[in-house]
Each structure stands twice: as structure tokens, then as C-alpha cells.
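Novice: Following this line is my_file_12.json, made up of JSON, C-alpha atoms and all ligand atoms:
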```json
[["chain", "number", "residue", "atom", "x", "y", "z"],
["A", 1, "MET", "CA", 24.27, -83.18, 43.32],
["A", 2, "ARG", "CA", 21.72, -82.49, 40.56],
["A", 3, "ILE", "CA", 19.91, -79.47, 39.22],
["A", 4, "GLU", "CA", 16.21, -79.36, 38.30],
["A", 5, "ILE", "CA", 14.73, -76.68, 36.08],
["A", 6, "PHE", "CA", 11.09, -75.57, 36.42],
["A", 7, "ILE", "CA", 9.14, -72.77, 34.82],
["A", 8, "ASP", "CA", 6.28, -71.08, 36.71],
["A", 9, "GLU", "CA", 4.26, -73.51, 38.75],
["A", 10, "GLU", "CA", 5.45, -76.70, 37.05],
["A", 11, "SER", "CA", 5.75, -79.56, 39.51],
["A", 12, "VAL", "CA", 7.68, -81.90, 37.20],
["A", 13, "PRO", "CA", 11.14, -80.56, 36.25],
["A", 14, "ARG", "CA", 11.63, -79.75, 32.55],
["A", 15, "GLN", "CA", 15.24, -80.77, 32.74],
["A", 16, "THR", "CA", 17.53, -82.42, 35.19],
["A", 17, "LEU", "CA", 21.22, -81.65, 34.87],
["A", 18, "GLU", "CA", 24.63, -82.31, 36.40],
["A", 19, "PRO", "CA", 26.48, -79.15, 37.44],
["A", 20, "PRO", "CA", 28.06, -77.32, 35.80],
["A", 21, "ALA", "CA", 25.61, -77.36, 32.87],
["A", 22, "THR", "CA", 24.46, -75.29, 29.92],
["A", 23, "LEU", "CA", 20.93, -75.31, 28.66],
["A", 24, "GLU", "CA", 18.82, -73.52, 26.09],
["A", 25, "LEU", "CA", 15.65, -71.96, 27.40],
["A", 26, "ASP", "CA", 13.01, -72.32, 24.65],
["A", 27, "THR", "CA", 10.44, -69.57, 25.08],
["A", 28, "GLU", "CA", 8.43, -70.42, 21.97],
["A", 29, "GLY", "CA", 6.20, -72.71, 23.97],
["A", 30, "LEU", "CA", 5.48, -69.98, 26.54],
["A", 31, "ALA", "CA", 2.72, -67.42, 26.32],
["A", 32, "ASP", "CA", 3.81, -63.78, 26.08],
["A", 33, "GLY", "CA", 3.94, -62.20, 29.49],
["A", 34, "PRO", "CA", 5.61, -62.58, 32.88],
["A", 35, "HIS", "CA", 7.11, -65.96, 33.88],
["A", 36, "ARG", "CA", 9.38, -67.37, 36.51],
["A", 37, "LEU", "CA", 12.45, -69.58, 36.13],
["A", 38, "ARG", "CA", 12.90, -71.87, 39.15],
["A", 39, "VAL", "CA", 16.15, -73.72, 39.69],
["A", 40, "HIS", "CA", 16.38, -76.37, 42.37],
["A", 41, "ALA", "CA", 19.80, -77.66, 43.36],
["A", 42, "ILE", "CA", 19.47, -80.91, 45.31],
["A", 43, "GLU", "CA", 22.41, -82.23, 47.32],
["A", 44, "ASP", "CA", 22.98, -85.94, 47.60],
["A", 45, "SER", "CA", 22.00, -85.58, 51.24],
["A", 46, "GLY", "CA", 18.59, -84.26, 50.11],
["A", 47, "THR", "CA", 19.03, -80.57, 51.02],
["A", 48, "VAL", "CA", 17.39, -78.30, 48.40],
["A", 49, "GLY", "CA", 18.60, -74.86, 47.31],
["A", 50, "VAL", "CA", 16.09, -72.73, 45.42],
["A", 51, "GLU", "CA", 16.71, -69.79, 43.03],
["A", 52, "GLU", "CA", 13.85, -67.95, 41.29],
["A", 53, "ILE", "CA", 14.27, -65.49, 38.42],
["A", 54, "PRO", "CA", 11.20, -63.64, 37.08],
["A", 55, "PHE", "CA", 11.28, -62.75, 33.36],
["A", 56, "THR", "CA", 8.96, -61.61, 30.59],
["A", 57, "VAL", "CA", 8.41, -63.34, 27.24],
["A", 58, "ARG", "CA", 7.62, -61.39, 24.15],
["A", 59, "ASN", "CA", 7.51, -63.44, 20.97],
["A", 60, "GLY", "CA", 4.53, -61.66, 19.43],
["A", 61, "PRO", "CA", 4.72, -58.34, 17.60],
["A", 62, "GLY", "CA", 6.04, -55.31, 19.48],
["A", 63, "ILE", "CA", 3.52, -52.61, 20.22],
["A", 64, "ALA", "CA", 4.03, -48.85, 20.39],
["A", 65, "VAL", "CA", 1.40, -46.52, 21.78],
["A", 66, "VAL", "CA", 1.79, -42.76, 21.38],
["A", 67, "GLY", "CA", -0.43, -40.44, 23.36],
["A", 68, "LEU", "CA", -0.76, -42.36, 26.62],
["A", 69, "SER", "CA", 2.04, -43.26, 28.99],
["A", 70, "ASP", "CA", 2.29, -45.12, 32.23],
["A", 71, "GLY", "CA", 0.19, -43.63, 34.97],
["A", 72, "ASP", "CA", -1.17, -40.69, 32.87],
["A", 73, "THR", "CA", -4.30, -39.02, 34.21],
["A", 74, "VAL", "CA", -6.75, -38.44, 31.37],
["A", 75, "ARG", "CA", -10.25, -37.14, 30.78],
["A", 76, "GLY", "CA", -12.63, -36.85, 27.85],
["A", 77, "ARG", "CA", -11.58, -38.35, 24.54],
["A", 78, "ILE", "CA", -7.88, -38.67, 23.82],
["A", 79, "PRO", "CA", -6.39, -39.47, 20.41],
["A", 80, "LEU", "CA", -3.98, -42.39, 20.41],
["A", 81, "LEU", "CA", -1.55, -43.61, 17.78],
["A", 82, "ILE", "CA", -0.94, -47.34, 17.95],
["A", 83, "ASN", "CA", 1.60, -49.24, 15.88],
["A", 84, "ALA", "CA", 2.75, -52.86, 15.94],
["A", 85, "PHE", "CA", 5.99, -54.20, 14.54],
["A", 86, "ALA", "CA", 7.05, -57.79, 14.04],
["A", 87, "SER", "CA", 10.28, -59.19, 15.41],
["A", 88, "ARG", "CA", 12.10, -61.86, 13.47],
["A", 89, "PRO", "CA", 12.97, -64.74, 15.75],
["A", 90, "GLY", "CA", 16.70, -65.38, 15.44],
["A", 91, "ASP", "CA", 17.73, -61.75, 15.12],
["A", 92, "ALA", "CA", 19.32, -61.40, 18.52],
["A", 93, "PHE", "CA", 18.28, -57.84, 19.29],
["A", 94, "GLU", "CA", 17.84, -55.98, 16.02],
["A", 95, "PRO", "CA", 14.16, -56.35, 15.32],
["A", 96, "GLN", "CA", 13.18, -55.42, 11.76],
["A", 97, "ARG", "CA", 10.38, -53.11, 12.56],
["A", 98, "ALA", "CA", 8.16, -50.59, 10.90],
["A", 99, "GLU", "CA", 8.93, -46.99, 11.85],
["A", 100, "THR", "CA", 6.55, -45.63, 14.42],
["A", 101, "PRO", "CA", 5.53, -42.16, 13.24],
["A", 102, "ALA", "CA", 6.28, -39.80, 16.11],
["A", 103, "PRO", "CA", 4.81, -36.30, 16.32],
["A", 104, "ILE", "CA", 7.17, -33.61, 14.95],
["A", 105, "PRO", "CA", 8.86, -31.96, 17.96],
["A", 106, "THR", "CA", 8.20, -28.30, 18.67],
["A", 107, "TRP", "CA", 11.80, -27.23, 18.17],
["A", 108, "ALA", "CA", 11.66, -28.62, 14.62],
["A", 109, "TRP", "CA", 8.59, -26.49, 13.88],
["A", 110, "VAL", "CA", 10.29, -23.40, 15.31],
["A", 111, "LEU", "CA", 13.42, -24.03, 13.24],
["A", 112, "PHE", "CA", 11.30, -24.57, 10.13],
["A", 113, "LEU", "CA", 9.38, -21.33, 10.65],
["A", 114, "VAL", "CA", 12.59, -19.38, 11.26],
["A", 115, "VAL", "CA", 14.06, -20.69, 8.02],
["A", 116, "VAL", "CA", 10.89, -19.87, 6.08],
["A", 117, "ALA", "CA", 10.72, -16.37, 7.55],
["A", 118, "TRP", "CA", 14.36, -15.74, 6.71],
["A", 119, "GLY", "CA", 13.77, -16.98, 3.17],
["A", 120, "MET", "CA", 10.84, -14.62, 2.67],
["A", 121, "TRP", "CA", 12.82, -11.70, 4.06],
["A", 122, "TYR", "CA", 15.72, -12.51, 1.74],
["A", 123, "VAL", "CA", 13.50, -12.73, -1.33],
["A", 124, "ALA", "CA", 11.77, -9.47, -0.41],
["A", 125, "THR", "CA", 15.04, -7.53, -0.06],
["A", 126, "GLU", "CA", 16.47, -9.01, -3.25],
["A", 127, "LEU", "CA", 13.29, -8.08, -5.09],
["A", 128, "ARG", "CA", 13.45, -4.50, -3.83],
["A", 129, "ALA", "CA", 17.08, -4.14, -4.89],
["A", 130, "TYR", "CA", 16.21, -5.58, -8.28],
["A", 131, "GLN", "CA", 13.27, -3.20, -8.75],
["A", 132, "ALA", "CA", 15.40, -0.21, -7.72],
["A", 133, "ALA", "CA", 18.00, -1.20, -10.33],
["A", 134, "ALA", "CA", 15.33, -1.72, -12.96],
["A", 135, "THR", "CA", 13.60, 1.66, -12.45],
["A", 136, "ALA", "CA", 16.85, 3.67, -12.24],
["A", 137, "PRO", "CA", 17.75, 5.26, -15.57],
["A", 138, "ALA", "CA", 19.81, 2.39, -16.89],
["A", 139, "ALA", "CA", 22.65, 3.52, -19.09],
["A", 140, "SER", "CA", 23.12, 0.03, -20.42],
["A", 141, "GLN", "CA", 19.50, -0.02, -21.53],
["A", 142, "ALA", "CA", 19.94, 3.22, -23.45],
["A", 143, "ALA", "CA", 23.13, 1.94, -25.04],
["A", 144, "SER", "CA", 21.35, -1.02, -26.50],
["A", 145, "ALA", "CA", 18.41, 1.03, -27.74],
["A", 146, "PRO", "CA", 18.11, 0.76, -31.49],
["A", 147, "GLY", "CA", 17.63, 3.59, -33.92],
["A", 148, "ALA", "CA", 20.71, 5.56, -32.92],
["A", 149, "PRO", "CA", 21.89, 7.83, -35.73],
["A", 150, "GLY", "CA", 25.37, 7.78, -37.15],
["A", 151, "THR", "CA", 27.30, 4.62, -37.76],
["A", 152, "ALA", "CA", 27.46, 1.27, -36.09],
["A", 153, "SER", "CA", 30.86, 2.22, -34.74],
["A", 154, "GLN", "CA", 29.11, 4.48, -32.22],
["A", 155, "PRO", "CA", 26.99, 2.18, -30.11],
["A", 156, "SER", "CA", 27.11, 4.69, -27.22],
["A", 157, "TRP", "CA", 25.31, 7.36, -29.24],
["A", 158, "ALA", "CA", 22.18, 7.24, -27.13],
["A", 159, "VAL", "CA", 24.27, 7.29, -23.96],
["A", 160, "LEU", "CA", 26.17, 10.34, -25.19],
["A", 161, "GLY", "CA", 22.92, 12.16, -25.94],
["A", 162, "GLU", "CA", 21.53, 11.35, -22.53],
["A", 163, "GLN", "CA", 24.73, 12.47, -20.83],
["A", 164, "VAL", "CA", 24.96, 15.79, -22.66],
["A", 165, "TYR", "CA", 21.31, 16.47, -21.94],
["A", 166, "GLY", "CA", 21.78, 15.68, -18.25],
["A", 167, "ASN", "CA", 24.87, 17.90, -17.99],
["A", 168, "LYS", "CA", 23.93, 20.87, -20.16],
["A", 169, "CYS", "CA", 20.17, 21.06, -20.61],
["A", 170, "ALA", "CA", 18.33, 19.34, -17.76],
["A", 171, "ALA", "CA", 19.03, 22.14, -15.26],
["A", 172, "CYS", "CA", 16.59, 24.31, -17.19],
["A", 173, "HIS", "CA", 14.46, 22.00, -19.32],
["A", 174, "GLN", "CA", 14.37, 19.27, -16.62],
["A", 175, "LEU", "CA", 15.02, 15.57, -17.07],
["A", 176, "THR", "CA", 11.35, 15.13, -17.87],
["A", 177, "GLY", "CA", 11.68, 17.53, -20.85],
["A", 178, "GLN", "CA", 8.77, 19.53, -19.46],
["A", 179, "GLY", "CA", 10.74, 22.64, -18.46],
["A", 180, "LEU", "CA", 9.42, 24.92, -15.75],
["A", 181, "PRO", "CA", 6.11, 26.64, -16.56],
["A", 182, "GLY", "CA", 6.70, 30.29, -17.45],
["A", 183, "VAL", "CA", 10.46, 30.05, -16.86],
["A", 184, "PHE", "CA", 11.91, 27.42, -19.21],
["A", 185, "PRO", "CA", 9.88, 26.07, -22.15],
["A", 186, "PRO", "CA", 9.08, 22.39, -22.50],
["A", 187, "LEU", "CA", 10.94, 20.37, -25.10],
["A", 188, "LYS", "CA", 8.37, 17.60, -24.90],
["A", 189, "GLY", "CA", 5.98, 18.23, -27.76],
["A", 190, "SER", "CA", 7.86, 21.40, -28.83],
["A", 191, "ALA", "CA", 7.20, 22.28, -32.49],
["A", 192, "VAL", "CA", 10.88, 23.05, -33.00],
["A", 193, "VAL", "CA", 12.08, 19.80, -31.45],
["A", 194, "THR", "CA", 9.60, 17.62, -33.33],
["A", 195, "ALA", "CA", 9.96, 19.37, -36.70],
["A", 196, "PRO", "CA", 11.14, 16.96, -39.43],
["A", 197, "ASP", "CA", 13.55, 19.66, -40.62],
["A", 198, "PRO", "CA", 16.11, 20.10, -37.80],
["A", 199, "THR", "CA", 17.40, 23.48, -38.99],
["A", 200, "GLU", "CA", 15.77, 25.62, -36.31],
["A", 201, "HIS", "CA", 16.44, 23.02, -33.61],
["A", 202, "ILE", "CA", 20.14, 23.00, -34.43],
["A", 203, "ARG", "CA", 20.36, 26.76, -34.70],
["A", 204, "THR", "CA", 18.64, 27.30, -31.34],
["A", 205, "VAL", "CA", 21.18, 25.16, -29.57],
["A", 206, "LEU", "CA", 24.24, 26.47, -31.41],
["A", 207, "ARG", "CA", 23.38, 30.17, -31.18],
["A", 208, "GLY", "CA", 20.97, 30.30, -28.22],
["A", 209, "LEU", "CA", 17.64, 32.08, -28.17],
["A", 210, "SER", "CA", 15.95, 34.99, -26.48],
["A", 211, "GLY", "CA", 12.75, 36.96, -26.77],
["A", 212, "LYS", "CA", 10.84, 34.25, -28.61],
["A", 213, "THR", "CA", 7.24, 33.61, -27.68],
["A", 214, "ILE", "CA", 6.58, 29.88, -27.51],
["A", 215, "GLY", "CA", 3.04, 28.63, -27.21],
["A", 216, "GLY", "CA", 1.84, 32.08, -26.14],
["A", 217, "VAL", "CA", 4.45, 32.36, -23.39],
["A", 218, "THR", "CA", 7.31, 34.83, -23.51],
["A", 219, "TYR", "CA", 10.27, 33.66, -21.49],
["A", 220, "GLY", "CA", 12.16, 36.20, -19.44],
["A", 221, "SER", "CA", 15.47, 34.37, -19.46],
["A", 222, "ALA", "CA", 17.55, 33.45, -22.47],
["A", 223, "MET", "CA", 18.62, 30.15, -23.90],
["A", 224, "PRO", "CA", 22.46, 30.13, -23.86],
["A", 225, "ALA", "CA", 24.46, 29.36, -27.01],
["A", 226, "PHE", "CA", 26.27, 26.02, -27.05],
["A", 227, "ALA", "CA", 28.32, 26.34, -30.26],
["A", 228, "ASP", "CA", 31.57, 26.71, -28.30],
["A", 229, "GLN", "CA", 30.75, 24.13, -25.66],
["A", 230, "LEU", "CA", 29.64, 21.12, -27.67],
["A", 231, "THR", "CA", 31.21, 19.16, -30.54],
["A", 232, "ASN", "CA", 29.18, 18.33, -33.63],
["A", 233, "ASP", "CA", 28.78, 14.78, -32.34],
["A", 234, "GLU", "CA", 27.53, 16.02, -28.97],
["A", 235, "VAL", "CA", 25.04, 18.41, -30.54],
["A", 236, "ALA", "CA", 23.75, 15.69, -32.86],
["A", 237, "ALA", "CA", 23.48, 13.27, -29.95],
["A", 238, "VAL", "CA", 21.65, 15.61, -27.60],
["A", 239, "LEU", "CA", 19.24, 16.78, -30.29],
["A", 240, "SER", "CA", 18.53, 13.18, -31.26],
["A", 241, "HIS", "CA", 17.91, 12.46, -27.59],
["A", 242, "GLU", "CA", 15.36, 15.28, -27.39],
["A", 243, "ARG", "CA", 13.71, 14.13, -30.61],
["A", 244, "THR", "CA", 13.22, 10.58, -29.38],
["A", 245, "SER", "CA", 12.42, 11.11, -25.68],
["A", 246, "TRP", "CA", 9.30, 11.91, -23.65],
["A", 247, "GLY", "CA", 7.03, 10.73, -26.45],
["A", 248, "ASN", "CA", 8.70, 12.90, -29.11],
["A", 249, "GLN", "CA", 9.02, 11.08, -32.41],
["A", 250, "ALA", "CA", 11.12, 13.02, -34.90],
["A", 251, "PRO", "CA", 13.94, 11.85, -37.16],
["A", 252, "PRO", "CA", 17.31, 11.98, -35.37],
["A", 253, "VAL", "CA", 20.05, 14.47, -36.25],
["A", 254, "LYS", "CA", 23.40, 13.45, -37.75],
["A", 255, "PRO", "CA", 26.74, 15.17, -37.13],
["A", 256, "GLU", "CA", 26.79, 16.20, -40.83],
["A", 257, "ASP", "CA", 23.52, 18.10, -40.29],
["A", 258, "VAL", "CA", 25.20, 20.08, -37.49],
["A", 259, "ILE", "CA", 28.38, 20.77, -39.48],
["A", 260, "ALA", "CA", 26.31, 22.11, -42.39],
["A", 261, "ARG", "CA", 24.65, 24.66, -40.08],
["A", 262, "ARG", "CA", 27.69, 25.71, -38.07],
["A", 263, "GLN", "CA", 28.47, 28.92, -40.02],
["A", 301, "LIG", "C1", 20.00, 28.34, -18.59],
["A", 301, "LIG", "C2", 18.81, 27.60, -18.94],
["A", 301, "LIG", "C3", 18.81, 26.79, -20.21],
["A", 301, "LIG", "C4", 19.70, 25.81, -20.57],
["A", 301, "LIG", "C5", 20.90, 25.28, -19.79],
["A", 301, "LIG", "C6", 19.22, 25.30, -21.83],
["A", 301, "LIG", "N1", 18.11, 25.97, -22.24],
["A", 301, "LIG", "FE1", 17.08, 25.65, -23.90],
["A", 301, "LIG", "N2", 15.90, 27.24, -23.54],
["A", 301, "LIG", "C7", 15.97, 28.02, -22.40],
["A", 301, "LIG", "C8", 15.04, 29.12, -22.52],
["A", 301, "LIG", "C9", 14.79, 30.18, -21.48],
["A", 301, "LIG", "C10", 14.38, 28.97, -23.76],
["A", 301, "LIG", "C11", 13.33, 29.86, -24.35],
["A", 301, "LIG", "C12", 13.99, 31.05, -24.95],
["A", 301, "LIG", "C13", 12.99, 31.98, -25.61],
["A", 301, "LIG", "O1", 11.80, 31.67, -25.64],
["A", 301, "LIG", "O2", 13.44, 33.01, -26.09],
["A", 301, "LIG", "C14", 14.96, 27.75, -24.34],
["A", 301, "LIG", "C15", 14.55, 27.22, -25.57],
["A", 301, "LIG", "C16", 15.03, 26.06, -26.11],
["A", 301, "LIG", "C17", 14.56, 25.48, -27.34],
["A", 301, "LIG", "C18", 13.48, 26.03, -28.25],
["A", 301, "LIG", "C19", 12.16, 25.44, -27.81],
["A", 301, "LIG", "C20", 11.02, 25.90, -28.72],
["A", 301, "LIG", "O3", 9.98, 25.23, -28.57],
["A", 301, "LIG", "O4", 11.21, 26.82, -29.52],
["A", 301, "LIG", "C21", 15.28, 24.36, -27.55],
["A", 301, "LIG", "C22", 15.16, 23.35, -28.71],
["A", 301, "LIG", "C23", 16.19, 24.24, -26.45],
["A", 301, "LIG", "N3", 16.01, 25.28, -25.58],
["A", 301, "LIG", "C24", 17.09, 23.20, -26.32],
["A", 301, "LIG", "C25", 18.09, 23.17, -25.36],
["A", 301, "LIG", "C26", 19.15, 22.19, -25.33],
["A", 301, "LIG", "C27", 19.35, 21.07, -26.33],
["A", 301, "LIG", "C28", 19.89, 22.48, -24.24],
["A", 301, "LIG", "C29", 21.16, 21.76, -23.77],
["A", 301, "LIG", "C30", 22.24, 21.62, -24.75],
["A", 301, "LIG", "C31", 19.31, 23.63, -23.59],
["A", 301, "LIG", "N4", 18.19, 24.02, -24.29],
["A", 301, "LIG", "C32", 19.82, 24.24, -22.49],
["A", 301, "LIG", "C33", 16.82, 27.81, -21.32],
["A", 301, "LIG", "C34", 17.85, 26.90, -21.29]]
```
Could you write out this structure as C-alpha cells?
Specialist:
Amino acid sequence: MRIEIFIDEESVPRQTLEPPATLELDTEGLADGPHRLRVHAIEDSGTVGVEEIPFTVRNGPGIAVVGLSDGDTVRGRIPLLINAFASRPGDAFEPQRAETPAPIPTWAWVLFLVVVAWGMWYVATELRAYQAAATAPAASQAASAPGAPGTASQPSWAVLGEQVYGNKCAACHQLTGQGLPGVFPPLKGSAVVTAPDPTEHIRTVLRGLSGKTIGGVTYGSAMPAFADQLTNDEVAAVLSHERTSWGNQAPPVKPEDVIARRQ
């Protein structure tokens, strides 16, 4: 018994072997494309058995085509992406190949857009919170404001002035210092508040005021007296606050100034 090996239409066997046999099929000499391995087993009596195995050789570079697949129906012009990658003979089945750029899948775009939208929303809300905090009357800002009267041991002087004003004065004179026309006089730009000599300013707050005509307006209600309600520090702080707020620019008042005018 002997075995004869043919490829394609060869009439002369490439190899003749005794069974069982191993052989190496060298494809380098074959053109890329479909081929046929034919094995003839010939018995000593002359009877021939035939086995045929079709196979495909690909020794040249691999080819990838994006944009057209088997059996597609197309019309007009169609864009194609074509890439070729070399295989290294010897590497059994791990061809070192160039990456074929594939189009980014739709789900990746959707995910990307969702992330971007979320990011923009997050930044917008953070920004709004930040702006709200920045425009709110910041106590810390006032505390660090320079020019507070008194000593360095009272860094919260400006805060104290703002607090006393908010609690005791703003109901009538308003936080804006503009009062209510005809009802409560403005402290913004008031001659008394901006006078370099604080005597009348201090007296008005300690003893109150009524029946005075300010800027041609006579106010029907009275200004209450605060001598019993506020300490010297508090009076000095609130007066300094009035003297340095709403555009007023007058020298601040010290606790000693208040003490001197208590009697
Ligand atoms: C209940 C309302 C009310 C409150 C509270 C009040 N004031 Fe007055 N204030 C008045 C009125 C009314 C006048 C005007 C009185 C007049 O013209 O006779 C006035 C006048 C003044 C004046 C004189 C303004 C000028 O131009 O002559 C000063 C200064 C003043 N207030 C400061 C303060 C301070 C400081 C506080 C808080 C500690 C305060 N007021 C709380 C009602 C108020």
C-alpha cells in the first residue's frame, strides 16, 4: 500500500509515502486562493481510494474592507475604508497586524453625550450655588474688612455693627440705609451720619429723636432711644457701620466717644 499526494490538477504526485505517514504541506509555493488537496491511497492489488480536501491559501497581507459586506445591495457612490495588514509567516495564528479603524458605535456616542450633558448640568448647578453664596451678605467678608475701629483684639467689630443694625435699626431705616420716604429718614447720605464730629449722631441714637425736620421732611413717628438697649461697644459698632456703608465715608466711632457722651 502507498499514498500519493497531489495538489489541484497535478498529474505527478508531489510525494509518495508509506502509511502511516506525516508530511509538511508547504503553501509558500502556492498562489493565494482556493486549492484542493488530493490523496490517493493505492492498494498493492491496484485499487485506488481517493480523498479530496478543498482549502484556501493566504500568505499575502490580510485585507479588511469596511462599508461593504457580502451580498450588500448598493447604489450611487459609497464610501469604503480599506486596510491591509501583514502576517508574519511562522506566527501560528497571531498575526501582527495594524489596527483597522472601525466607526465609533452609536451607543458610544450616546454614552458620551449623556456624560457631557451631565457634566454641563453639574457645572451649572455648582455655579448657581456659588453665585448665591457670593451675593448673600457674607459675614465672613465683613469680618475681614479692614478699617474697623477699636483694637485688633476685636476682629468681629464690623460683624457686630452689621448685626446690631440688622436687629435694631433696619426695621425702620431698611438694610439699604434708604429709610422709607416720608416715614423713616435715610441714613445714606444723612448730614448727621456723615458729619466728621459724631456728637449729634451718638446723641440721636442714645436719646432718640422726634419732631426734627430732615431735608425738608418732618417725620410723624419718633426715633426711639437706645441708651438702655445697647452697650457702648454696640453703639460704636452700629454707628461705624452706618458711617461706612451705602457709600457713606465718615470716620468711625470708638467706644470712648460713646462713653464721653453718655451723660
Ligand atoms: C421705630 C423706627 C426706628 C428705629 C428702630 C430706628 N430709627 Fe432712627 N429714626 C427714626 C425716625 C422716625 C427718625 C427721624 C426722627 C425725626 O426726624 O424726628 C430717625 C432718625 C435717625 C437719625 C437721624 C438722621 C438725620 O439725618 O438726622 C439717625 C442717625 C438714626 N435714626 C439712626 C438710627 C440707628 C443707629 C438705629 C438703630 C440703633 C435707628 N435709627 C433705629 C426711626 C427709627
Novice: Kindly work out which residues sit at most 7 Å from ligand LIG 301 (chain A), using only C-alpha atoms and all ligand atoms, and give the list as a PyMOL selection string.
Specialist: chain A and resi 164-165+168-173+183-187+190-193+201+204-205+209-214+218-224+226+238-239
Novice: For Gln249 in chain A, find every residue with an atom within 10 Å (counting only C-alpha atoms), except residues of its own chain fewer than 4 positions away, and show them as a ChimeraX atom specification.
Specialist: /A:188-189,193-196,240,242-245
Novice: To one decimal place in Å, what is the distance between CA of Glu28 in chain A and CA of Ala64 in chain A?
Specialist: 22.1 Å
Novice: Applying 10 Å and all atoms listed in the file, which residues near Ile3 in chain A remain after dropping the ones on its own chain fewer than 4 positions away? List them as a CSV table (one decimal) with C-alpha atoms, in the coordinates of the input.
Specialist:
```
chain,number,residue,atom,x,y,z
A,13,PRO,CA,11.1,-80.6,36.2
A,15,GLN,CA,15.2,-80.8,32.7
A,16,THR,CA,17.5,-82.4,35.2
A,17,LEU,CA,21.2,-81.6,34.9
A,18,GLU,CA,24.6,-82.3,36.4
A,19,PRO,CA,26.5,-79.2,37.4
A,20,PRO,CA,28.1,-77.3,35.8
A,21,ALA,CA,25.6,-77.4,32.9
A,39,VAL,CA,16.2,-73.7,39.7
A,40,HIS,CA,16.4,-76.4,42.4
A,41,ALA,CA,19.8,-77.7,43.4
A,42,ILE,CA,19.5,-80.9,45.3
A,43,GLU,CA,22.4,-82.2,47.3
A,48,VAL,CA,17.4,-78.3,48.4
A,49,GLY,CA,18.6,-74.9,47.3
A,50,VAL,CA,16.1,-72.7,45.4
```
Novice: Mind pulling up the distance from CA of Leu230 in chain A to CA of Trp157 in chain A?
Specialist: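 Computed distance, CA of Trp157 in chain A to CA of Leu230 in chain A, equals 14.5 Å.
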Novice: What does the distance from CA of Gly161 in chain A to CA of Gly179 in chain A come to in Å, to one decimal?
Specialist: 17.7 Å
Novice: Since the input is missing atoms, can you rebuild all heavy atoms for range 214-220 of chain A and write them as a short mmCIF file (atom, residue, chain, number, x, y, z; two decimals), keeping the file's coordinate frame?
Specialist:
```cif
data_model
loop_
_atom_site.label_atom_id
_atom_site.label_comp_id
_atom_site.auth_asym_id
_atom_site.auth_seq_id
_atom_site.Cartn_x
_atom_site.Cartn_y
_atom_site.Cartn_z
N ILE A 214 6.84 31.30 -27.18
CA ILE A 214 6.58 29.88 -27.51
C ILE A 214 5.26 29.47 -26.89
O ILE A 214 5.08 29.57 -25.67
CB ILE A 214 7.71 28.98 -26.97
CG1 ILE A 214 9.07 29.46 -27.50
CG2 ILE A 214 7.45 27.53 -27.35
CD1 ILE A 214 10.24 28.87 -26.77
N GLY A 215 4.34 29.08 -27.71
CA GLY A 215 3.04 28.63 -27.21
C GLY A 215 2.34 29.71 -26.40
O GLY A 215 1.70 29.41 -25.40
N GLY A 216 2.51 30.98 -26.83
CA GLY A 216 1.84 32.08 -26.14
C GLY A 216 2.58 32.57 -24.92
O GLY A 216 2.16 33.53 -24.28
N VAL A 217 3.70 31.94 -24.58
CA VAL A 217 4.45 32.36 -23.39
C VAL A 217 5.75 33.03 -23.83
O VAL A 217 6.47 32.51 -24.69
CB VAL A 217 4.78 31.16 -22.49
CG1 VAL A 217 5.53 31.61 -21.24
CG2 VAL A 217 3.51 30.41 -22.14
N THR A 218 6.03 34.18 -23.26
CA THR A 218 7.31 34.83 -23.51
C THR A 218 8.21 34.57 -22.31
O THR A 218 7.81 34.85 -21.17
CB THR A 218 7.13 36.35 -23.71
OG1 THR A 218 6.12 36.56 -24.71
CG2 THR A 218 8.44 36.99 -24.15
N TYR A 219 9.39 34.05 -22.58
CA TYR A 219 10.27 33.66 -21.49
C TYR A 219 11.24 34.77 -21.16
O TYR A 219 11.86 35.35 -22.06
CB TYR A 219 11.00 32.35 -21.83
CG TYR A 219 10.02 31.20 -21.90
CD1 TYR A 219 9.40 30.84 -23.10
CD2 TYR A 219 9.66 30.50 -20.75
CE1 TYR A 219 8.48 29.80 -23.15
CE2 TYR A 219 8.73 29.47 -20.80
CZ TYR A 219 8.16 29.13 -22.00
OH TYR A 219 7.24 28.13 -22.05
N GLY A 220 11.33 35.08 -19.88
CA GLY A 220 12.16 36.20 -19.44
C GLY A 220 13.64 35.91 -19.58
O GLY A 220 14.43 36.79 -19.88
#
```
